[in-house]
>>> print(open('my_file34.cif').read())   # mmCIF, C-alpha atoms
data_query
loop_
_atom_site.label_atom_id
_atom_site.label_comp_id
_atom_site.auth_asym_id
_atom_site.auth_seq_id
_atom_site.Cartn_x
_atom_site.Cartn_y
_atom_site.Cartn_z
CA MET D 1 11.07 27.98 15.06
CA LYS D 2 7.35 27.50 15.51
CA ARG D 3 6.45 25.75 18.75
CA ARG D 4 3.99 22.91 18.43
CA LYS D 5 1.21 22.65 20.98
CA ILE D 6 0.67 19.42 22.85
CA HIS D 7 -2.71 18.03 21.88
CA VAL D 8 -4.30 14.86 23.25
CA GLY D 9 -6.99 13.96 20.74
CA LEU D 10 -10.04 11.74 21.15
CA ARG D 11 -8.51 9.02 18.99
CA THR D 12 -5.47 8.91 21.30
CA VAL D 13 -7.70 8.43 24.34
CA LYS D 14 -9.76 5.76 22.55
CA THR D 15 -6.59 3.91 21.56
CA ALA D 16 -5.32 3.89 25.14
CA ALA D 17 -8.71 2.69 26.41
CA ALA D 18 -8.84 -0.09 23.79
CA ILE D 19 -5.37 -1.29 24.79
CA ILE D 20 -6.26 -1.47 28.48
CA ILE D 21 -9.53 -3.32 27.82
CA ALA D 22 -7.78 -5.80 25.51
CA MET D 23 -5.06 -6.47 28.09
CA ILE D 24 -7.70 -7.05 30.78
CA LEU D 25 -9.51 -9.55 28.55
CA VAL D 26 -6.27 -11.41 27.81
CA GLU D 27 -5.43 -11.67 31.53
CA PRO D 28 -7.54 -14.80 32.25
CA TYR D 29 -5.61 -16.73 29.58
CA GLY D 30 -2.24 -15.97 31.18
CA ALA D 31 -0.87 -12.48 30.71
CA THR D 32 2.56 -13.28 29.28
CA SER D 33 4.54 -10.55 27.54
CA SER D 34 3.84 -11.89 24.05
CA ARG D 35 0.10 -12.17 24.74
CA LEU D 36 -0.10 -8.60 26.02
CA ILE D 37 1.99 -7.27 23.13
CA LEU D 38 -0.19 -8.92 20.49
CA ALA D 39 -3.40 -7.76 22.16
CA MET D 40 -1.95 -4.25 22.35
CA LEU D 41 -0.89 -4.26 18.69
CA GLY D 42 -4.31 -5.50 17.61
CA ALA D 43 -6.12 -2.82 19.61
CA MET D 44 -3.84 -0.04 18.33
CA ALA D 45 -4.21 -1.15 14.71
CA ALA D 46 -8.01 -1.24 14.81
CA VAL D 47 -8.48 2.34 16.07
CA GLN D 48 -8.45 4.15 12.72
CA PRO D 49 -10.25 7.29 11.49
CA THR D 50 -12.76 5.33 9.38
CA PHE D 51 -14.56 2.02 9.58
CA LYS D 52 -13.01 0.93 6.28
CA GLU D 53 -9.49 1.62 7.56
CA SER D 54 -10.26 -0.30 10.76
CA LEU D 55 -11.33 -3.33 8.73
CA GLU D 56 -8.21 -3.07 6.56
CA ALA D 57 -6.07 -2.96 9.71
CA CYS D 58 -7.83 -6.09 11.02
CA VAL D 59 -7.11 -7.90 7.75
CA THR D 60 -3.42 -6.93 7.72
CA GLN D 61 -2.94 -7.90 11.38
CA THR D 62 -4.74 -11.22 10.96
CA VAL D 63 -2.75 -12.07 7.83
CA GLY D 64 0.47 -11.14 9.64
CA VAL D 65 -0.24 -13.48 12.55
CA LEU D 66 -1.29 -16.33 10.24
CA VAL D 67 1.78 -15.98 8.01
CA GLY D 68 4.18 -15.76 10.93
CA ALA D 69 2.57 -18.66 12.78
CA ALA D 70 2.41 -20.89 9.68
CA ALA D 71 6.01 -20.17 8.74
CA GLY D 72 7.14 -20.83 12.31
CA VAL D 73 5.29 -24.16 12.55
CA ILE D 74 6.73 -25.35 9.23
CA LEU D 75 10.31 -24.31 10.05
CA THR D 76 10.30 -25.92 13.51
CA ALA D 77 9.48 -29.22 11.82
CA LEU D 78 12.63 -29.01 9.70
CA PRO D 79 15.99 -30.43 10.92
CA THR D 80 17.55 -26.98 11.34
CA GLY D 81 18.63 -24.97 14.38
CA PRO D 82 16.54 -22.07 15.69
CA LEU D 83 18.78 -19.36 14.25
CA THR D 84 18.83 -20.99 10.83
CA SER D 85 15.05 -21.32 10.98
CA VAL D 86 14.70 -17.63 11.85
CA LEU D 87 17.08 -16.67 9.03
CA LEU D 88 15.16 -18.67 6.42
CA GLY D 89 11.80 -17.57 7.80
CA VAL D 90 12.61 -13.85 7.81
CA ILE D 91 13.89 -14.05 4.23
CA PHE D 92 10.69 -15.84 3.20
CA VAL D 93 8.35 -13.44 5.01
CA ILE D 94 10.00 -10.27 3.70
CA THR D 95 10.12 -11.66 0.16
CA VAL D 96 6.40 -12.47 0.27
CA TYR D 97 5.47 -9.13 1.82
CA ASN D 98 7.38 -7.23 -0.86
CA LEU D 99 4.72 -8.52 -3.26
CA LEU D 100 1.85 -7.23 -1.12
CA PRO D 101 0.43 -3.66 -0.86
CA ASP D 102 2.24 -1.18 1.39
CA ALA D 103 -0.38 -1.58 4.12
CA PHE D 104 1.07 -5.03 4.89
CA SER D 105 4.15 -4.84 7.12
CA PRO D 106 6.46 -7.85 7.73
CA SER D 107 7.22 -6.78 11.32
CA LEU D 108 4.39 -8.69 12.98
CA PRO D 109 4.84 -12.01 11.13
CA CYS D 110 8.58 -11.86 11.78
CA PHE D 111 7.89 -11.29 15.49
CA ILE D 112 5.60 -14.35 15.60
CA LEU D 113 8.14 -16.36 13.62
CA VAL D 114 10.98 -15.59 16.03
CA MET D 115 8.85 -16.47 19.07
CA VAL D 116 7.81 -19.82 17.56
CA CYS D 117 11.29 -20.80 16.38
CA THR D 118 13.37 -19.81 19.41
CA ASP D 119 11.42 -21.42 22.27
CA SER D 120 12.21 -25.11 22.23
CA GLU D 121 9.82 -25.91 25.08
CA MET D 122 6.63 -24.60 23.50
CA ALA D 123 4.18 -26.51 21.33
CA PRO D 124 4.39 -24.63 18.02
CA ILE D 125 0.84 -25.23 16.81
CA ALA D 126 -0.75 -24.46 20.18
CA TYR D 127 1.37 -21.32 20.50
CA ALA D 128 0.43 -20.17 17.00
CA LEU D 129 -3.28 -20.64 17.69
CA GLY D 130 -2.93 -18.77 20.97
CA ARG D 131 -1.31 -15.79 19.26
CA ILE D 132 -4.12 -15.68 16.71
CA TRP D 133 -6.60 -15.56 19.60
CA ASP D 134 -4.68 -12.80 21.40
CA THR D 135 -4.56 -10.68 18.27
CA ALA D 136 -8.26 -11.27 17.60
CA ILE D 137 -9.13 -10.02 21.08
CA GLY D 138 -7.15 -6.81 20.52
CA LEU D 139 -8.66 -6.24 17.10
CA GLY D 140 -12.20 -6.90 18.31
CA VAL D 141 -11.85 -4.52 21.24
CA GLY D 142 -10.19 -1.86 19.10
CA ILE D 143 -12.84 -1.84 16.39
CA ALA D 144 -15.68 -1.91 18.95
CA VAL D 145 -14.28 1.06 20.88
CA ASN D 146 -13.54 2.95 17.68
CA MET D 147 -17.00 2.53 16.18
CA LEU D 148 -19.20 2.71 19.27
CA VAL D 149 -17.49 5.29 21.50
CA PHE D 150 -17.71 8.76 19.91
CA PRO D 151 -17.24 7.51 16.33
CA TYR D 152 -15.14 9.79 14.15
CA ASP D 153 -17.22 12.38 12.28
CA ASN D 154 -15.55 14.97 10.04
CA SER D 155 -18.77 16.78 9.05
CA ARG D 156 -17.56 19.92 10.78
CA GLN D 157 -14.23 19.85 8.91
CA ILE D 158 -16.11 19.52 5.61
CA ARG D 159 -18.31 22.51 6.43
CA ASP D 160 -15.28 24.55 7.56
CA THR D 161 -13.53 23.76 4.27
CA MET D 162 -16.63 24.85 2.37
CA GLY D 163 -16.67 28.08 4.35
CA GLY D 164 -12.98 28.66 3.60
CA LEU D 165 -13.66 28.01 -0.07
CA ASP D 166 -16.33 30.72 -0.06
CA LYS D 167 -13.97 33.21 1.61
CA ASP D 168 -11.27 32.42 -0.97
CA LEU D 169 -13.84 33.07 -3.70
CA VAL D 170 -14.73 36.52 -2.36
CA LEU D 171 -11.03 37.43 -2.04
CA PHE D 172 -10.39 36.19 -5.58
CA LEU D 173 -13.15 38.38 -7.00
CA GLU D 174 -12.01 41.40 -4.99
CA GLU D 175 -8.48 41.02 -6.34
CA MET D 176 -9.81 40.40 -9.85
CA PHE D 177 -11.72 43.69 -9.86
CA ASP D 178 -9.45 45.95 -7.81
CA GLY D 179 -8.58 48.07 -10.85
CA ASP D 180 -4.94 47.04 -11.34
CA SER D 181 -3.35 44.77 -13.94
CA HIS D 182 -2.36 42.02 -11.50
CA LEU D 183 -4.69 39.03 -11.72
CA PRO D 184 -5.16 36.38 -9.01
CA ASP D 185 -4.88 32.65 -9.60
CA ALA D 186 -7.10 29.85 -8.36
CA GLU D 187 -4.34 27.90 -6.60
CA ALA D 188 -5.70 28.52 -3.10
CA MET D 189 -9.11 27.26 -4.15
CA ASN D 190 -7.63 24.22 -5.87
CA THR D 191 -5.86 23.41 -2.61
CA ARG D 192 -9.17 23.69 -0.78
CA LEU D 193 -10.80 21.39 -3.32
CA ALA D 194 -8.08 18.76 -2.85
CA LEU D 195 -8.60 18.92 0.92
CA LEU D 196 -12.37 18.68 0.45
CA LYS D 197 -11.96 15.60 -1.74
CA THR D 198 -9.87 13.92 0.97
CA GLN D 199 -12.39 14.77 3.68
CA LEU D 200 -15.29 13.45 1.60
CA SER D 201 -13.39 10.20 1.08
CA VAL D 202 -13.01 9.86 4.85
CA PHE D 203 -16.71 10.62 5.35
CA ALA D 204 -17.71 8.08 2.70
CA ASN D 205 -15.60 5.35 4.31
CA GLN D 206 -17.63 5.46 7.53
CA ARG D 207 -19.58 2.47 6.18
CA LEU D 208 -21.07 1.39 9.47
CA LEU D 209 -22.52 4.80 10.19
CA LEU D 210 -23.79 5.37 6.67
CA HIS D 211 -26.49 2.74 7.11
CA VAL D 212 -28.43 5.58 8.68
CA ARG D 213 -30.50 7.26 5.97
CA ARG D 214 -29.76 10.76 7.19
CA ARG D 215 -26.02 10.16 6.90
CA LYS D 216 -26.40 8.88 3.34
CA GLN D 217 -28.33 12.00 2.40
CA GLU D 218 -25.67 14.15 4.04
CA LEU D 219 -22.95 12.44 2.01
CA GLU D 220 -24.86 13.02 -1.23
CA ARG D 221 -25.28 16.69 -0.33
CA TYR D 222 -21.56 17.07 0.32
CA LYS D 223 -20.72 15.37 -2.98
CA ALA D 224 -23.05 17.76 -4.78
CA CYS D 225 -21.24 20.64 -3.08
CA GLN D 226 -17.90 19.27 -4.26
CA ARG D 227 -19.13 19.10 -7.86
CA LYS D 228 -20.43 22.66 -7.70
CA ALA D 229 -17.19 23.87 -6.14
CA GLN D 230 -15.18 22.23 -8.92
CA GLU D 231 -17.40 23.89 -11.53
CA LEU D 232 -16.98 27.22 -9.76
CA VAL D 233 -13.18 26.96 -9.80
CA SER D 234 -13.25 26.15 -13.52
CA HIS D 235 -14.95 29.50 -14.19
CA LEU D 236 -12.43 31.27 -11.95
CA GLU D 237 -9.54 29.73 -13.88
CA VAL D 238 -10.94 31.13 -17.13
CA LEU D 239 -11.05 34.62 -15.62
CA ALA D 240 -7.51 34.22 -14.30
CA GLN D 241 -6.24 33.56 -17.83
CA LEU D 242 -7.40 36.96 -19.14
CA ASP D 243 -4.69 39.60 -19.53
CA ARG D 244 -7.13 41.96 -17.82
CA PRO D 245 -10.78 41.39 -16.88
CA GLY D 246 -13.50 43.14 -18.79
CA ARG D 247 -15.80 45.78 -17.30
CA LEU D 248 -18.54 44.64 -14.95
CA SER D 249 -22.23 45.12 -15.61
CA GLN D 250 -24.32 46.90 -13.01
CA GLU D 251 -26.10 43.64 -12.18
CA ASN D 252 -22.85 41.83 -11.46
CA ARG D 253 -21.59 44.77 -9.41
CA ARG D 254 -24.74 44.58 -7.34
CA ARG D 255 -24.45 40.81 -6.87
CA LEU D 256 -20.78 41.07 -5.91
CA ALA D 257 -21.57 43.73 -3.33
CA ALA D 258 -24.29 41.46 -1.92
CA CYS D 259 -21.64 38.75 -1.46
CA GLY D 260 -19.47 41.13 0.54
CA ALA D 261 -16.87 41.64 -2.20
CA LYS D 262 -15.41 45.16 -2.44
CA VAL D 263 -15.13 46.09 -6.12
CA THR D 264 -12.78 49.07 -6.64
CA ASP D 265 -12.65 48.83 -10.44
CA THR D 266 -14.40 52.06 -11.49
CA ARG D 267 -14.55 51.42 -15.26
CA ARG D 268 -18.05 51.93 -16.60
CA LEU D 269 -19.66 49.60 -19.13
CA ASP D 270 -20.59 52.36 -21.61
CA SER D 271 -19.89 50.10 -24.60
CA VAL D 272 -19.72 46.32 -24.86
CA MET D 273 -16.54 44.55 -25.99
CA GLU D 274 -15.94 40.81 -26.36
CA LYS D 275 -13.87 40.72 -23.16
CA ASP D 276 -16.71 42.40 -21.26
CA VAL D 277 -19.14 39.72 -22.44
CA VAL D 278 -16.77 36.89 -21.43
CA THR D 279 -16.05 38.44 -18.04
CA ASN D 280 -19.67 39.10 -17.13
CA PHE D 281 -20.76 35.65 -18.27
CA HIS D 282 -18.26 33.88 -16.03
CA VAL D 283 -18.85 36.22 -13.09
CA SER D 284 -22.59 35.62 -13.38
CA GLN D 285 -22.03 31.85 -13.49
CA ILE D 286 -19.70 31.99 -10.49
CA LEU D 287 -22.20 33.92 -8.39
CA SER D 288 -25.06 31.61 -9.36
CA ILE D 289 -23.02 28.50 -8.54
CA ARG D 290 -21.98 30.07 -5.24
CA ARG D 291 -25.62 30.64 -4.33
CA ASP D 292 -26.53 27.06 -5.29
CA LEU D 293 -23.56 25.70 -3.35
CA LEU D 294 -24.50 27.51 -0.17
CA GLU D 295 -28.12 26.41 -0.48
CA THR D 296 -27.06 22.80 -1.05
CA LEU D 297 -24.71 22.90 1.91
CA SER D 298 -27.46 24.20 4.17
CA GLY D 299 -29.77 21.41 2.99
CA GLN D 300 -32.39 23.69 1.46
#
>>> encode(input="my_file34.cif", output="structure tokens")
Amino acid sequence: MKRRKIHVGLRTVKTAAAIIIAMILVEPYGATSSRLILAMLGAMAAVQPTFKESLEACVTQTVGVLVGAAAGVILTALPTGPLTSVLLGVIFVITVYNLLPDAFSPSLPCFILVMVCTDSEMAPIAYALGRIWDTAIGLGVGIAVNMLVFPYDNSRQIRDTMGGLDKDLVLFLEEMFDGDSHLPDAEAMNTRLALLKTQLSVFANQRLLLHVRRRKQELERYKACQRKAQELVSHLEVLAQLDRPGRLSQENRRRLAACGAKVTDTRRLDSVMEKDVVTNFHVSQILSIRRDLLETLSGQ
């Protein structure tokens, strides 16, 4: 069984720091367990990989506190016991949340509901407002720490994926023209493209950071690279569907060698068949797109 290495990432450290700061800020208002828990939950929720996800977490947490507090205030006004109020409230909250997107969890509103309904000595409305304030402190601290202290930047991962895509391309072409009848498929490159699409989505969702013009230009360059990579894979898939590739022209042999691909197919192009034309066309397109992709990635 493969042993997993223990890794303490930057996001983990930022989350811990956000929690501590939020708890310190809550202290002057009376650091009860429920106050500290809500501040902690707010801080943890707000530390997300992207600014968009942080905002979504703030919305879901805020809605959760409001729903739980409102339900608790209403149920405490009814002539029912605390356990009956909790029973009715939990059924209501879960039913409502089943209609909402998966990002909304009923755990937090149910927690608020139970706290409001089971403490007979507290003022329900004042308690509900206090919990909203506690959560807001945690969320505010979490999003500030997440965006201002070493904000997440996956530019390096995008470039590494692009580099891996180029290596897969060279290996594909080597296997395509190794002289045997076994042809490669483009599955590895399609996997890389799917990963690249995910990473670009993360990069694009850093809305706060993308107000900087340079970052916007960088995003456009990466998107152009993705389009070129998709076009490149389309040509590879055509080659992979041949029962056997045609014979390479001298120009394509030279260009492949310049890319670092080792071509061991020794067939000479002494006459031109339809399959040779198709093969050389797609190989030429692939190599041209590869050149354009690398130039675009480097910002030239």
>>> residues_around(input="my_file34.cif", residues="Lys167 of chain D", least_positions_apart="4", cutoff="10 Å", atoms="all atoms listed in the file", output="list in words")
Thr161, Met162, Gly163, Leu171, Phe172, Met189, Cys259, Gly260 and Ala261 of chain D
>>> closest_residue(input="my_file34.cif", among="D:Arg267, D:Lys228, D:Arg253, D:Lys5", to="Glu295 of chain D", atoms="only C-alpha atoms")
D:Lys228
>>> resolve_selection(input="my_file34.cif", expression="the PyMOL selection byres ((chain D and resi 112-118) around 8)", output="list in words")
Val65, Gly68, Ala69, Ala71, Gly72, Val73, Leu75, Thr76, Pro82, Leu83, Ser85, Val86, Gly89, Val90, Leu108, Pro109, Cys110, Phe111, Asp119, Ser120, Met122, Pro124, Tyr127, Ala128 and Arg131 of chain D
>>> atom_distance(input="my_file34.cif", atom1="atom CA of Asp134 of chain D", atom2="atom CA of Arg35 of chain D")
5.9 Å
>>> resolve_selection(input="my_file34.cif", expression="the PyMOL selection byres ((chain D and resi 57) around 9)", output="PyMOL selection string")
chain D and resi 42+45-48+52-56+58-62+103-104+139
>>> atom_distance(input="my_file34.cif", atom1="atom CA of Leu196 of chain D", atom2="atom CA of Gln157 of chain D")
8.7 Å
>>> atom_distance(input="my_file34.cif", atom1="atom CA of Arg227 of chain D", atom2="atom CA of Leu242 of chain D")
24.2 Å
>>> closest_residue(input="my_file34.cif", among="D:Met23, D:Ile94, D:Leu248, D:Ala123", to="Ala43 of chain D", atoms="all atoms listed in the file")
D:Met23
>>> closest_residue(input="my_file34.cif", among="D:Asp243, D:Asp180, D:Glu220, D:Glu174", to="Ala204 of chain D", atoms="all atoms listed in the file")
D:Glu220
>>> axis_aligned_box(input="my_file34.cif", around="segment 6-12 of chain D", padding_each_side="8 Å", output="JSON")
{"center_x": -4.7, "center_y": 14.2, "center_z": 21.1, "size_x": 26.7, "size_y": 26.5, "size_z": 20.3}
>>> closest_residue(input="my_file34.cif", among="D:Asn280, D:Ser155, D:Ser234, D:Asn252", to="Leu193 of chain D", atoms="all atoms listed in the file")
D:Ser234
>>> residues_around(input="my_file34.cif", residues="Thr12 of chain D", least_positions_apart="3", cutoff="12 Å", atoms="only C-alpha atoms", output="PDB file with C-alpha atoms, in the coordinates of the input")
ATOM      1  CA  HIS D   7      -2.710  18.030  21.880  1.00  0.00           C
ATOM      2  CA  VAL D   8      -4.300  14.860  23.250  1.00  0.00           C
ATOM      3  CA  GLY D   9      -6.990  13.960  20.740  1.00  0.00           C
ATOM      4  CA  THR D  15      -6.590   3.910  21.560  1.00  0.00           C
ATOM      5  CA  ALA D  16      -5.320   3.890  25.140  1.00  0.00           C
ATOM      6  CA  ALA D  17      -8.710   2.690  26.410  1.00  0.00           C
ATOM      7  CA  ALA D  18      -8.840  -0.090  23.790  1.00  0.00           C
ATOM      8  CA  ILE D  19      -5.370  -1.290  24.790  1.00  0.00           C
ATOM      9  CA  ALA D  43      -6.120  -2.820  19.610  1.00  0.00           C
ATOM     10  CA  MET D  44      -3.840  -0.040  18.330  1.00  0.00           C
ATOM     11  CA  VAL D  47      -8.480   2.340  16.070  1.00  0.00           C
ATOM     12  CA  GLN D  48      -8.450   4.150  12.720  1.00  0.00           C
ATOM     13  CA  PRO D  49     -10.250   7.290  11.490  1.00  0.00           C
ATOM     14  CA  GLY D 142     -10.190  -1.860  19.100  1.00  0.00           C
ATOM     15  CA  VAL D 145     -14.280   1.060  20.880  1.00  0.00           C
ATOM     16  CA  ASN D 146     -13.540   2.950  17.680  1.00  0.00           C
TER      17      ASN D 146
END
>>> closest_residue(input="my_file34.cif", among="D:Met176, D:Leu10, D:Leu195, D:Val277", to="Thr264 of chain D", atoms="only C-alpha atoms")
D:Met176
>>> closest_residue(input="my_file34.cif", among="D:Leu173, D:Gln230, D:Thr296, D:Val202", to="Arg255 of chain D", atoms="all atoms listed in the file")
D:Leu173
>>> residues_around(input="my_file34.cif", residues="Met273 of chain D", least_positions_apart="6", cutoff="12 Å", atoms="only C-alpha atoms", output="ChimeraX atom specification")
/D:245-249,279-280
>>> residues_near_point(input="my_file34.cif", point="(-7.0, -8.2, 25.6)", cutoff="12 Å", atoms="all atoms listed in the file", output="ChimeraX atom specification")
/D:17-44,131-142
>>> residues_around(input="my_file34.cif", residues="Asp185 of chain D", least_positions_apart="5", cutoff="9 Å", atoms="only C-alpha atoms", output="number ranges by chain")
D: 172, 236-237, 239-241
